[in-house]
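Enquirer: My structure file structure_3.txt, compact mmCIF, C-alpha atoms, is below:
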# COMPACT_ATOMS: atom_id res chain seq x y z
CA PHE A 1 -53.42 -99.08 -1.51
CA LEU A 2 -54.93 -95.75 -2.57
CA SER A 3 -54.79 -94.35 0.97
CA TYR A 4 -51.08 -95.15 1.20
CA LEU A 5 -50.35 -93.75 -2.24
CA GLY A 6 -52.27 -90.55 -1.50
CA CYS A 7 -50.65 -90.03 1.90
CA VAL A 8 -47.14 -90.52 0.54
CA LEU A 9 -47.65 -88.12 -2.35
CA TYR A 10 -49.36 -85.52 -0.17
CA ALA A 11 -46.62 -85.73 2.45
CA ALA A 12 -44.00 -85.32 -0.26
CA ILE A 13 -45.66 -82.18 -1.66
CA VAL A 14 -46.11 -80.60 1.77
CA THR A 15 -42.52 -81.44 2.74
CA TYR A 16 -41.29 -79.91 -0.50
CA ASN A 17 -43.13 -76.68 0.26
CA ALA A 18 -41.91 -76.63 3.85
CA PHE A 19 -38.31 -76.37 2.61
CA LEU A 20 -38.37 -74.49 -0.67
CA THR A 21 -39.40 -70.98 -1.59
CA THR A 22 -41.53 -72.11 -4.51
CA ILE A 23 -45.05 -73.37 -4.02
CA LEU A 24 -47.58 -75.68 -5.59
CA ILE A 25 -51.05 -74.21 -5.85
CA PHE A 26 -54.43 -75.93 -5.67
CA PRO A 27 -56.66 -73.55 -7.71
CA ARG A 28 -59.87 -74.85 -6.10
CA LEU A 29 -58.82 -73.78 -2.61
CA ASN A 30 -59.59 -70.09 -2.24
CA PRO A 31 -60.80 -69.17 1.25
CA PHE A 32 -58.45 -66.17 1.46
CA GLY A 33 -59.52 -63.99 -1.43
CA TYR A 34 -57.48 -60.97 -0.34
CA PHE A 35 -54.13 -62.76 -0.52
CA PRO A 36 -51.84 -62.72 -3.56
CA ASN A 37 -52.96 -64.83 -6.51
CA ASN A 38 -56.36 -65.52 -4.86
CA TYR A 39 -55.26 -69.02 -3.91
CA LEU A 40 -54.45 -70.86 -0.70
CA PRO A 41 -50.95 -72.34 -1.05
CA ILE A 42 -50.56 -75.90 0.07
CA SER A 43 -47.52 -74.67 1.97
CA PHE A 44 -50.00 -73.17 4.46
CA GLN A 45 -50.41 -76.77 5.60
CA ALA A 46 -46.67 -77.33 5.70
CA THR A 47 -46.71 -76.13 9.31
CA PHE A 48 -47.39 -79.71 10.34
CA VAL A 49 -44.11 -80.73 8.75
CA SER A 50 -41.99 -77.73 9.70
CA ASP A 51 -43.30 -77.01 13.20
CA LEU A 52 -45.00 -80.19 14.43
CA PRO A 53 -42.64 -82.81 12.98
CA HIS A 54 -42.68 -84.89 16.17
CA LEU A 55 -46.48 -85.20 16.00
CA THR A 56 -46.48 -85.83 12.24
CA LEU A 57 -43.77 -88.46 12.70
CA VAL A 58 -45.83 -90.34 15.30
CA LEU A 59 -48.96 -90.24 13.11
CA LYS A 60 -47.03 -91.49 10.10
CA LEU A 61 -45.53 -94.35 12.10
CA ILE A 62 -48.98 -95.40 13.28
CA LEU A 63 -50.33 -95.35 9.72
CA HIS A 64 -47.24 -97.17 8.49
CA CYS A 65 -47.88 -99.99 11.00
CA VAL A 66 -51.50 -100.22 9.87
CA TRP A 67 -50.51 -100.43 6.20
CA HIS A 68 -47.87 -103.02 7.03
CA CYS A 69 -50.42 -105.17 8.88
CA LEU A 70 -52.78 -104.92 5.90
CA GLY A 71 -50.02 -106.09 3.57
CA VAL A 72 -50.10 -102.92 1.48
CA LEU A 73 -46.33 -102.47 1.67
CA ASP A 74 -45.76 -105.95 0.16
CA TRP A 75 -46.99 -104.83 -3.25
CA PHE A 76 -43.93 -104.80 -5.50
CA TYR A 77 -44.96 -101.83 -7.64
CA LEU A 78 -45.25 -99.68 -4.52
CA SER A 79 -41.51 -99.89 -3.93
CA VAL A 80 -40.87 -96.44 -5.46
CA PHE A 81 -43.37 -94.87 -3.09
CA VAL A 82 -41.85 -96.71 -0.12
CA TYR A 83 -38.51 -95.07 -0.96
CA LEU A 84 -40.28 -91.70 -1.25
CA ASP A 85 -41.84 -92.35 2.15
CA VAL A 86 -38.40 -93.01 3.62
CA ILE A 87 -37.27 -89.60 2.33
CA ASN A 88 -40.31 -88.05 4.02
CA TYR A 89 -39.31 -89.72 7.29
CA LEU A 90 -35.77 -88.36 6.99
CA PHE A 91 -37.07 -84.82 6.47
CA LEU A 92 -39.34 -85.15 9.50
CA VAL A 93 -36.42 -86.28 11.65
CA PHE A 94 -34.39 -83.36 10.32
CA ASN A 95 -37.23 -80.99 11.26
CA VAL A 96 -37.38 -82.32 14.81
CA PHE A 97 -33.79 -81.12 15.25
CA ASP A 98 -34.34 -77.99 13.15
CA CYS A 99 -37.15 -76.88 15.47
CA TYR A 100 -34.81 -77.21 18.40
CA PHE A 101 -31.86 -75.46 16.75
CA SER A 102 -34.09 -72.54 15.76
CA ARG A 103 -33.31 -71.40 19.31
CA ARG A 104 -30.12 -69.91 17.84
CA VAL A 105 -32.19 -67.41 15.84
CA PHE A 106 -34.10 -66.31 18.91
CA ALA A 107 -30.96 -66.25 21.05
CA GLY A 108 -29.42 -63.84 18.55
CA ALA A 109 -32.51 -61.65 18.69
CA ILE A 110 -32.44 -61.54 22.48
CA GLU A 111 -28.77 -60.58 22.47
CA SER A 112 -29.49 -57.79 19.95
CA PHE A 113 -31.57 -55.89 22.50
CA GLY A 114 -29.26 -56.65 25.42
CA GLY A 115 -31.08 -59.66 26.86
CA ASP A 116 -29.70 -62.89 28.24
CA PRO A 117 -30.66 -65.94 26.11
CA SER A 118 -29.14 -68.49 28.49
CA ASP A 119 -32.54 -69.64 29.76
CA LEU A 120 -33.85 -70.65 26.33
CA PRO A 121 -34.76 -74.31 27.03
CA SER A 122 -32.55 -77.06 25.63
CA PHE A 123 -33.36 -80.68 24.83
CA LEU A 124 -32.35 -81.61 28.37
CA ASP A 125 -34.74 -79.19 30.08
CA SER A 126 -38.05 -80.61 31.26
CA ILE A 127 -39.93 -77.52 30.07
CA TYR A 128 -38.91 -78.33 26.49
CA TRP A 129 -40.73 -81.66 26.71
CA LYS A 130 -43.65 -80.49 28.85
CA ARG A 131 -44.39 -77.26 27.01
CA HIS A 132 -42.49 -76.93 23.73
CA LEU A 133 -43.53 -80.35 22.41
CA ASN A 134 -47.03 -80.27 23.93
CA PHE A 135 -49.24 -79.29 21.01
CA VAL A 136 -52.28 -78.63 23.25
CA TRP A 137 -50.42 -76.34 25.68
CA GLY A 138 -52.13 -73.29 24.19
CA ILE A 139 -55.48 -74.72 25.35
CA ASN A 140 -54.69 -75.71 28.93
CA GLY A 141 -51.05 -74.84 29.64
CA GLY A 142 -50.35 -73.24 33.00
CA SER A 143 -54.00 -73.36 34.03
CA SER A 144 -53.15 -74.09 37.66
CA ASP A 145 -51.11 -70.87 37.83
CA LEU A 146 -53.41 -68.60 35.82
CA GLU A 147 -56.59 -66.72 36.57
CA ILE A 148 -58.58 -66.16 33.37
CA THR A 149 -61.60 -63.86 33.44
CA ARG A 150 -63.57 -64.44 30.25
CA ASP A 151 -66.16 -62.51 28.29
CA ILE A 152 -65.80 -59.10 29.88
CA THR A 153 -67.88 -56.58 27.92
CA TYR A 154 -65.71 -53.70 26.74
CA ALA A 155 -68.28 -52.14 24.39
CA THR A 156 -72.05 -52.24 24.76
CA SER A 157 -74.56 -52.25 21.91
CA GLU A 158 -75.38 -48.63 22.69
CA GLU A 159 -71.74 -47.70 22.12
CA ILE A 160 -71.20 -49.55 18.86
CA ASN A 161 -74.65 -49.89 17.26
CA PRO A 162 -77.69 -48.53 19.12
CA GLY A 163 -80.72 -50.75 18.71
CA SER A 164 -78.76 -53.98 18.22
CA SER A 165 -77.87 -56.65 20.76
CA LYS A 166 -74.23 -56.88 19.70
CA VAL A 167 -71.61 -56.41 22.42
CA LEU A 168 -67.82 -56.71 22.24
CA LYS A 169 -65.90 -58.78 24.75
CA LEU A 170 -62.40 -59.55 25.92
CA ASP A 171 -60.61 -62.00 28.21
CA VAL A 172 -58.08 -61.06 30.88
CA TYR A 173 -55.19 -63.39 31.80
CA LYS A 174 -53.10 -62.95 34.95
CA ARG A 175 -51.06 -65.02 37.39
CA LYS A 176 -52.95 -66.25 40.42
CA ASP A 177 -50.07 -65.35 42.71
CA ALA A 178 -49.80 -61.75 41.49
CA ARG A 179 -49.68 -59.41 44.45
CA GLU A 180 -52.64 -57.04 44.65
CA THR A 181 -50.36 -54.16 45.62
CA ASP A 182 -48.27 -54.46 42.44
CA LEU A 183 -49.73 -53.11 39.21
CA LEU A 184 -48.43 -55.19 36.28
CA PRO A 185 -47.74 -54.08 32.70
CA VAL A 186 -50.37 -54.97 30.13
CA LEU A 187 -50.31 -56.58 26.68
CA LEU A 188 -53.43 -55.94 24.56
CA TYR A 189 -53.54 -58.76 22.00
CA ILE A 190 -55.48 -58.73 18.71
CA HIS A 191 -56.12 -62.01 16.88
CA GLY A 192 -55.54 -62.51 13.17
CA GLY A 193 -57.80 -63.95 10.50
CA GLY A 194 -57.70 -61.59 7.56
CA TRP A 195 -60.02 -59.04 9.22
CA GLN A 196 -62.88 -61.47 8.48
CA ARG A 197 -62.49 -64.55 10.67
CA GLY A 198 -61.03 -65.74 13.95
CA SER A 199 -61.86 -64.81 17.53
CA LYS A 200 -60.38 -64.45 20.99
CA ALA A 201 -61.09 -68.18 21.39
CA ASN A 202 -58.03 -68.91 19.23
CA PRO A 203 -55.72 -70.79 21.64
CA TYR A 204 -52.59 -68.73 21.04
CA PRO A 205 -49.84 -69.94 23.40
CA ILE A 206 -48.54 -66.38 23.75
CA LEU A 207 -51.59 -65.41 25.84
CA ARG A 208 -50.74 -67.88 28.59
CA SER A 209 -46.99 -67.56 28.22
CA ILE A 210 -46.82 -63.78 28.66
CA ALA A 211 -49.31 -63.91 31.55
CA LEU A 212 -47.19 -66.55 33.29
CA ASP A 213 -44.21 -64.23 32.84
CA GLY A 214 -45.90 -61.62 35.00
CA TRP A 215 -47.97 -59.52 32.62
CA ILE A 216 -51.68 -58.85 32.38
CA VAL A 217 -52.92 -59.97 28.96
CA ALA A 218 -56.17 -58.59 27.49
CA ASN A 219 -57.27 -60.70 24.51
CA ILE A 220 -60.02 -59.07 22.45
CA ASP A 221 -62.75 -59.81 19.94
CA TYR A 222 -63.74 -57.28 17.28
CA ARG A 223 -66.33 -57.03 14.54
CA LEU A 224 -65.36 -58.74 11.29
CA ALA A 225 -65.56 -57.88 7.59
CA PRO A 226 -67.38 -57.93 5.26
CA VAL A 227 -70.44 -57.62 7.53
CA ASP A 228 -68.70 -54.80 9.39
CA PRO A 229 -66.20 -53.33 6.90
CA TYR A 230 -62.78 -52.07 7.94
CA PRO A 231 -61.94 -49.71 9.68
CA THR A 232 -64.60 -51.02 12.10
CA SER A 233 -62.05 -53.54 13.38
CA LEU A 234 -59.54 -50.73 14.02
CA ILE A 235 -62.15 -48.64 15.85
CA ASP A 236 -63.15 -51.66 17.95
CA SER A 237 -59.52 -52.36 18.83
CA LYS A 238 -59.07 -48.75 19.93
CA ARG A 239 -62.29 -49.01 21.94
CA ALA A 240 -60.82 -52.06 23.68
CA LEU A 241 -57.71 -50.00 24.45
CA LYS A 242 -59.95 -47.32 25.95
CA TRP A 243 -61.56 -49.94 28.20
CA VAL A 244 -58.17 -51.26 29.26
CA LYS A 245 -56.94 -47.80 30.18
CA GLN A 246 -60.06 -47.12 32.21
CA ASN A 247 -60.60 -50.53 33.84
CA ILE A 248 -57.51 -52.74 33.84
CA GLN A 249 -56.38 -51.50 37.24
CA ARG A 250 -59.25 -53.52 38.76
CA TYR A 251 -57.55 -56.64 37.40
CA GLY A 252 -54.08 -55.71 38.59
CA GLY A 253 -52.88 -53.97 35.44
CA ASP A 254 -51.08 -50.66 35.10
CA PRO A 255 -52.99 -48.42 32.63
CA SER A 256 -49.86 -46.35 32.03
CA LYS A 257 -47.87 -49.37 30.80
CA ILE A 258 -49.65 -50.90 27.83
CA ALA A 259 -48.14 -52.64 24.82
CA VAL A 260 -50.24 -53.76 21.86
CA GLY A 261 -49.66 -56.86 19.76
CA GLY A 262 -51.24 -59.06 17.13
CA ASP A 263 -50.65 -61.59 14.39
CA SER A 264 -51.38 -61.42 10.66
CA ALA A 265 -54.31 -58.99 10.24
CA GLY A 266 -54.16 -58.49 14.02
CA GLY A 267 -50.57 -57.32 13.54
CA HIS A 268 -51.87 -54.78 11.04
CA LEU A 269 -54.45 -53.52 13.57
CA ALA A 270 -51.84 -53.39 16.34
CA SER A 271 -49.46 -51.34 14.20
CA MET A 272 -52.31 -49.06 13.11
CA ILE A 273 -53.08 -48.38 16.78
CA ALA A 274 -49.42 -47.50 17.31
CA PHE A 275 -49.33 -45.16 14.30
CA THR A 276 -52.75 -43.48 14.72
CA SER A 277 -52.84 -42.78 18.44
CA ASN A 278 -55.40 -40.11 19.38
CA GLU A 279 -56.63 -39.68 15.78
CA LYS A 280 -60.24 -38.69 16.36
CA LYS A 281 -61.62 -40.15 13.12
CA TYR A 282 -60.84 -43.63 14.47
CA GLN A 283 -62.29 -42.87 17.91
CA PRO A 284 -65.98 -42.01 17.35
CA GLY A 285 -67.62 -41.31 20.67
CA PHE A 286 -64.36 -41.39 22.59
CA GLU A 287 -62.37 -38.75 20.74
CA GLU A 288 -60.77 -37.31 23.87
CA VAL A 289 -59.47 -40.63 25.23
CA ASP A 290 -55.70 -41.12 25.13
CA THR A 291 -55.00 -44.12 22.88
CA THR A 292 -51.21 -44.06 22.95
CA VAL A 293 -49.31 -47.27 23.68
CA LYS A 294 -45.76 -47.96 24.81
CA ALA A 295 -44.73 -50.66 22.31
CA CYS A 296 -45.98 -52.79 19.42
CA LEU A 297 -45.52 -56.52 18.76
CA CYS A 298 -46.25 -57.93 15.29
CA VAL A 299 -46.20 -61.60 14.25
CA ASN A 300 -46.31 -62.40 10.51
CA PRO A 301 -48.17 -59.10 10.07
CA VAL A 302 -49.72 -57.21 7.19
CA LEU A 303 -47.60 -54.05 7.16
CA GLY A 304 -48.14 -52.94 3.58
CA PHE A 305 -50.17 -53.62 0.45
CA TRP A 306 -47.87 -54.12 -2.53
CA ASP A 307 -49.74 -56.78 -4.47
CA LYS A 308 -52.53 -55.33 -6.67
CA THR A 309 -54.94 -58.15 -5.91
CA MET A 310 -54.43 -57.74 -2.20
CA ARG A 311 -54.82 -53.96 -2.47
CA ASP A 312 -58.06 -54.27 -4.44
CA ASN A 313 -59.53 -56.89 -2.12
CA PHE A 314 -58.61 -54.94 1.00
CA ALA A 315 -60.25 -51.80 -0.40
CA THR A 316 -63.39 -53.43 -1.83
CA PHE A 317 -64.13 -56.70 -0.01
CA ILE A 318 -62.60 -55.97 3.41
CA SER A 319 -63.33 -52.23 3.52
CA GLY A 320 -66.54 -52.18 1.46
CA LEU A 321 -65.48 -49.47 -1.00
CA SER A 322 -66.75 -49.31 -4.56
CA PRO A 323 -64.53 -51.00 -7.16
CA LYS A 324 -65.41 -48.22 -9.61
CA TYR A 325 -63.02 -45.74 -8.00
CA ASN A 326 -59.33 -45.48 -7.30
CA HIS A 327 -58.47 -46.22 -3.68
CA ASP A 328 -54.73 -45.58 -3.64
CA GLN A 329 -55.03 -42.86 -1.01
CA PHE A 330 -57.18 -45.07 1.22
CA ILE A 331 -54.61 -47.86 0.93
CA GLU A 332 -51.80 -45.47 1.85
CA ASP A 333 -53.73 -44.13 4.82
CA HIS A 334 -54.16 -47.65 6.18
CA SER A 335 -50.75 -49.07 5.30
CA PRO A 336 -48.31 -49.05 8.25
CA PHE A 337 -45.49 -48.86 5.71
CA HIS A 338 -46.65 -45.40 4.67
CA LEU A 339 -47.49 -44.19 8.18
CA VAL A 340 -43.98 -44.42 9.60
CA ASN A 341 -42.46 -41.05 10.44
CA ARG A 342 -39.90 -39.68 12.87
CA ASN A 343 -42.29 -38.70 15.60
CA ASN A 344 -45.28 -41.05 15.63
CA SER A 345 -43.73 -44.39 16.48
CA VAL A 346 -43.02 -46.61 19.45
CA PRO A 347 -40.58 -49.53 19.76
CA PHE A 348 -41.49 -52.46 17.50
CA LEU A 349 -40.69 -56.16 17.68
CA VAL A 350 -41.55 -58.00 14.45
CA PHE A 351 -41.42 -61.74 13.71
CA HIS A 352 -41.89 -63.27 10.27
CA GLY A 353 -41.44 -66.77 8.90
CA GLU A 354 -39.30 -66.85 5.78
CA VAL A 355 -41.55 -69.45 4.11
CA ASP A 356 -44.78 -67.50 4.61
CA PHE A 357 -46.80 -67.54 1.39
CA VAL A 358 -49.88 -65.94 2.92
CA ILE A 359 -48.19 -62.68 3.91
CA PRO A 360 -44.89 -62.54 2.03
CA TRP A 361 -41.80 -62.19 4.21
CA SER A 362 -40.40 -59.57 1.85
CA THR A 363 -43.19 -57.11 2.70
CA THR A 364 -42.19 -57.10 6.36
CA LYS A 365 -38.54 -56.71 5.44
CA GLN A 366 -39.38 -53.59 3.41
CA PHE A 367 -41.32 -52.15 6.35
CA VAL A 368 -38.43 -52.79 8.75
CA GLU A 369 -35.92 -51.14 6.40
CA ARG A 370 -38.14 -48.06 6.02
CA PHE A 371 -38.73 -47.89 9.78
CA LYS A 372 -34.99 -47.97 10.50
CA LYS A 373 -34.37 -45.14 8.04
CA ILE A 374 -37.17 -42.83 9.20
CA SER A 375 -38.23 -43.49 12.78
CA LYS A 376 -36.41 -42.47 15.94
CA ALA A 377 -37.86 -45.49 17.76
CA SER A 378 -36.17 -48.88 17.87
CA ILE A 379 -37.25 -51.89 15.85
CA HIS A 380 -36.08 -55.50 16.07
CA PHE A 381 -36.82 -57.93 13.25
CA VAL A 382 -36.67 -61.68 13.87
CA SER A 383 -36.59 -63.54 10.56
CA ILE A 384 -37.34 -67.23 11.12
CA PRO A 385 -36.02 -69.75 8.56
CA ARG A 386 -38.10 -72.69 7.32
CA THR A 387 -41.39 -71.72 8.90
CA GLY A 388 -44.59 -70.31 7.50
CA HIS A 389 -47.61 -68.25 8.50
CA VAL A 390 -49.35 -70.08 11.34
CA TYR A 391 -46.57 -71.54 13.49
CA HIS A 392 -47.34 -69.03 16.26
CA ALA A 393 -50.92 -70.30 16.58
CA ILE A 394 -49.84 -73.75 17.74
CA SER A 395 -47.75 -74.93 20.65
CA CYS A 396 -44.41 -75.84 19.11
CA PRO A 397 -40.73 -75.10 19.85
CA ARG A 398 -40.52 -72.02 17.60
CA THR A 399 -43.66 -70.58 19.19
CA HIS A 400 -42.31 -70.89 22.72
CA TYR A 401 -38.87 -69.57 21.77
CA LYS A 402 -40.70 -66.61 20.18
CA ASN A 403 -42.78 -66.07 23.32
CA LEU A 404 -39.70 -66.04 25.53
CA THR A 405 -38.08 -63.56 23.12
CA VAL A 406 -41.19 -61.34 23.41
CA HIS A 407 -40.95 -61.46 27.19
CA LYS A 408 -37.25 -60.55 27.14
CA TRP A 409 -37.91 -57.65 24.77
CA LEU A 410 -40.84 -56.32 26.78
CA SER A 411 -38.75 -56.53 29.95
CA SER A 412 -35.89 -54.63 28.31
CA ILE A 413 -37.99 -51.74 26.99
CA GLN A 414 -40.20 -51.59 30.08
CA GLN A 415 -37.25 -50.22 32.05
CA SER A 416 -37.63 -46.93 30.17
CA TRP A 417 -41.38 -46.65 30.74
CA LYS A 418 -42.53 -44.01 33.16
In structure tokens, what does this structure look like?
Expert:
Amino acid sequence: FLSYLGCVLYAAIVTYNAFLTTILIFPRLNPFGYFPNNYLPISFQATFVSDLPHLTLVLKLILHCVWHCLGVLDWFYLSVFVYLDVINYLFLVFNVFDCYFSRRVFAGAIESFGGDPSDLPSFLDSIYWKRHLNFVWGINGGSSDLEITRDITYATSEEINPGSSKVLKLDVYKRKDARETDLLPVLLYIHGGGWQRGSKANPYPILRSIALDGWIVANIDYRLAPVDPYPTSLIDSKRALKWVKQNIQRYGGDPSKIAVGGDSAGGHLASMIAFTSNEKKYQPGFEEVDTTVKACLCVNPVLGFWDKTMRDNFATFISGLSPKYNHDQFIEDHSPFHLVNRNNSVPFLVFHGEVDFVIPWSTTKQFVERFKKISKASIHFVSIPRTGHVYHAISCPRTHYKNLTVHKWLSSIQQSWK
């Protein structure tokens, strides 16, 4: 009885947050102290409703059968909750179709930079069922066609902290059938996690997807706050870029054709690399290395610090600065929003879910508007309705439509690379 009641009410709350732009907050959940309001919105969990509705629907049907067999649904005074459960089912069915029809958003984005969206999979395509609805594809998808070299050291302990045993590593993804005579373009990818968690072990589907599309993908680890305060993570990411430029040719990559990308805090680091190329203060020990990139990809990124709580936590907890002093200049120096100018940018592709309550969608919109006004480079913004912060981390239709959009964009801008 209680399990059914709890599941119905929880599903109703999560469904509510998956569709509306208001949120319910559980004050006791606070693992992300640097985010606005110091709380974890329950809508963070709404991804299972908005982006994995087919899986959630199957799980609910299984539980429903169990409750039916136990006679729970025969209790008269549960009738109101049964009706509420029916509404939940209807929303899940709606979301199954909504995930599919989100292809229209990505098709529009592809057309905006001159691409052909005709090969975005439809319901009738086998790849939609084998990849788009396969929630474990990010773990093992395309393995038979990929060669993955793991745990390559890109920075030794002597480079980052003499006397310690810490080393920094990355993984390289490439197609097995890539011809050795052809050097392929490279995507350097930086994982998210609020500068303080996560690793290259995160099974992002984009890593396999872009590699299958004919790119070399370098997926990196970096040191995390608060043990290693920011900008250590930025320096590590630039050090990884140095390694890629000096070594990726051995893995079939072209060191002159490198794009950088990341999600959430990784999107912040990727954009900082794009805006601070060759700045010596972020390249200790490798000041003379060229750290320019050709393009930048950001997914639900941190591109500015408008909320006071987020600003304070980034300066003090993430960056280790004293709370006694004003850190406005530090925040400006490390805010991509403030670093945009006419001459320092590269083409950007930015995705953001409109129901993201971890990194507000509006902050990315402000960055894009400023970029369009100031920079000479191009920027494309893909605003995704009815999805939140972590859809890209799981294998779901929106994720794979996004990945195909990334591939089309990279292919379009690569034509101008020399």
Enquirer: Could you list as a ChimeraX atom specification every residue that has an atom within 7 Å of (-47.6, -66.9, 6.3), using the file's coordinates and counting only C-alpha atoms?
Expert: /A:44,300,353,355-360,388-390
Enquirer: Store the residues picked out above in a file with C-alpha atoms, as an mmCIF file, in the coordinates of the input.
Expert:
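Just written: again_17.cif:
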data_model
loop_
_atom_site.group_PDB
_atom_site.id
_atom_site.type_symbol
_atom_site.label_atom_id
_atom_site.label_comp_id
_atom_site.auth_asym_id
_atom_site.auth_seq_id
_atom_site.Cartn_x
_atom_site.Cartn_y
_atom_site.Cartn_z
ATOM 1 C CA PHE A 44 -50.000 -73.170 4.460
ATOM 2 C CA ASN A 300 -46.310 -62.400 10.510
ATOM 3 C CA GLY A 353 -41.440 -66.770 8.900
ATOM 4 C CA VAL A 355 -41.550 -69.450 4.110
ATOM 5 C CA ASP A 356 -44.780 -67.500 4.610
ATOM 6 C CA PHE A 357 -46.800 -67.540 1.390
ATOM 7 C CA VAL A 358 -49.880 -65.940 2.920
ATOM 8 C CA ILE A 359 -48.190 -62.680 3.910
ATOM 9 C CA PRO A 360 -44.890 -62.540 2.030
ATOM 10 C CA GLY A 388 -44.590 -70.310 7.500
ATOM 11 C CA HIS A 389 -47.610 -68.250 8.500
ATOM 12 C CA VAL A 390 -49.350 -70.080 11.340
#
Enquirer: Go ahead and compute the interatomic distance for CA of Asn247 in chain A and CA of Tyr154 in chain A, in Å to one decimal.
Expert: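 Here the two named atoms are 9.3 Å from each other.
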Enquirer: Nearest to Lys200 in chain A: which of A:Pro284, A:Gly115, A:Pro162, A:Gly262 is it, counting only C-alpha atoms?
Expert: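 Between A:Pro284, A:Gly115, A:Pro162, A:Gly262, the residue approaching Lys200 in chain A most closely is A:Gly262.
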Enquirer: CA of Lys324 in chain A to CA of Met310 in chain A: how many Å, to one decimal?
Expert: 16.3 Å
Enquirer: For Asn88 in chain A, which residue among A:Phe135, A:Phe113, A:Tyr391, A:Tyr10 is the nearest when counting all atoms listed in the file?
Expert: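 Using all atoms listed in the file, the shortest distance to Asn88 in chain A belongs to A:Tyr10.
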Enquirer: Using all atoms listed in the file, pick whichever of A:Thr399, A:Thr153, A:Thr181, A:Asn161 has the shortest atom-to-atom distance to Asp221 in chain A.
Expert: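 Ranked by minimum distance to Asp221 in chain A, first place goes to A:Thr153.
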Enquirer: Sort by chain and increasing residue number a table of all residues of range 132-222 of chain A within 12 Å of range 45-64 of chain A, each with its closest pair of atoms and their distance in Å to one decimal, counting all atoms listed in the file, and write it as JSON lines.
Expert:
{"residue": "A:His132", "atom": "CA", "partner": "A:Leu52", "partner_atom": "CA", "distance": 10.2}
{"residue": "A:Leu133", "atom": "CA", "partner": "A:His54", "partner_atom": "CA", "distance": 7.8}
{"residue": "A:Asn134", "atom": "CA", "partner": "A:Leu55", "partner_atom": "CA", "distance": 9.4}
{"residue": "A:Phe135", "atom": "CA", "partner": "A:Leu52", "partner_atom": "CA", "distance": 7.9}
{"residue": "A:Val136", "atom": "CA", "partner": "A:Leu55", "partner_atom": "CA", "distance": 11.4}
Enquirer: Counting all atoms listed in the file, I want the residues whose atoms come within 10 Å of (-54.3, -67.9, 27.1) in the file frame, returned as number ranges by chain.
Expert: A: 137-143, 146-148, 171-174, 200-212, 217-219
Enquirer: One decimal, Å: what's the distance from CA of Gly193 in chain A over to CA of Ser237 in chain A, could you say?
Expert: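 Computing the Euclidean distance for CA of Gly193 in chain A and CA of Ser237 in chain A yields 14.4 Å.
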Enquirer: Compare A:Ala11, A:Lys245, A:Phe371, A:Ala265 by their minimum atom-to-atom distance to Val346 in chain A, counting all atoms listed in the file, and give me the closest one.
Expert: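 Of all the options, A:Phe371 lies closest to Val346 in chain A.
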Enquirer: Under the rule that all atoms listed in the file are counted, which of A:Thr405, A:Ser144, A:Ser411, A:Ser256 is the nearest residue to Pro121 in chain A?
Expert: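 Ranked by minimum distance to Pro121 in chain A, first place goes to A:Thr405.
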Enquirer: Using only C-alpha atoms for the distances, tell me which of A:Val82, A:Ala259, A:Ala315, A:Val382 is nearest to Val299 in chain A.
Expert: A:Val382
Enquirer: Give me, as a ChimeraX atom specification, all polymer residues having an atom no more than 9 Å from Lys166 in chain A, counting all atoms listed in the file and skipping those fewer than 5 positions away in the same chain.
Expert: /A:155-158,160-161
Enquirer: Residues within 12 Å of Tyr222 in chain A, please, as a CSV table (one decimal) with C-alpha atoms, keeping the file's coordinate frame. Count only C-alpha atoms; anything in the same chain fewer than 4 positions from it doesn't count.
Expert:
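What ended up in out.csv:
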chain,number,residue,atom,x,y,z
A,153,THR,CA,-67.9,-56.6,27.9
A,154,TYR,CA,-65.7,-53.7,26.7
A,155,ALA,CA,-68.3,-52.1,24.4
A,160,ILE,CA,-71.2,-49.6,18.9
A,166,LYS,CA,-74.2,-56.9,19.7
A,167,VAL,CA,-71.6,-56.4,22.4
A,168,LEU,CA,-67.8,-56.7,22.2
A,169,LYS,CA,-65.9,-58.8,24.8
A,170,LEU,CA,-62.4,-59.6,25.9
A,189,TYR,CA,-53.5,-58.8,22.0
A,190,ILE,CA,-55.5,-58.7,18.7
A,191,HIS,CA,-56.1,-62.0,16.9
A,192,GLY,CA,-55.5,-62.5,13.2
A,193,GLY,CA,-57.8,-64.0,10.5
A,195,TRP,CA,-60.0,-59.0,9.2
A,196,GLN,CA,-62.9,-61.5,8.5
A,197,ARG,CA,-62.5,-64.6,10.7
A,198,GLY,CA,-61.0,-65.7,14.0
A,199,SER,CA,-61.9,-64.8,17.5
A,200,LYS,CA,-60.4,-64.4,21.0
A,201,ALA,CA,-61.1,-68.2,21.4
A,227,VAL,CA,-70.4,-57.6,7.5
A,228,ASP,CA,-68.7,-54.8,9.4
A,229,PRO,CA,-66.2,-53.3,6.9
A,230,TYR,CA,-62.8,-52.1,7.9
A,231,PRO,CA,-61.9,-49.7,9.7
A,232,THR,CA,-64.6,-51.0,12.1
A,233,SER,CA,-62.0,-53.5,13.4
A,234,LEU,CA,-59.5,-50.7,14.0
A,235,ILE,CA,-62.2,-48.6,15.8
A,236,ASP,CA,-63.2,-51.7,18.0
A,237,SER,CA,-59.5,-52.4,18.8
A,238,LYS,CA,-59.1,-48.8,19.9
A,239,ARG,CA,-62.3,-49.0,21.9
A,240,ALA,CA,-60.8,-52.1,23.7
A,241,LEU,CA,-57.7,-50.0,24.4
A,265,ALA,CA,-54.3,-59.0,10.2
A,266,GLY,CA,-54.2,-58.5,14.0
A,269,LEU,CA,-54.4,-53.5,13.6
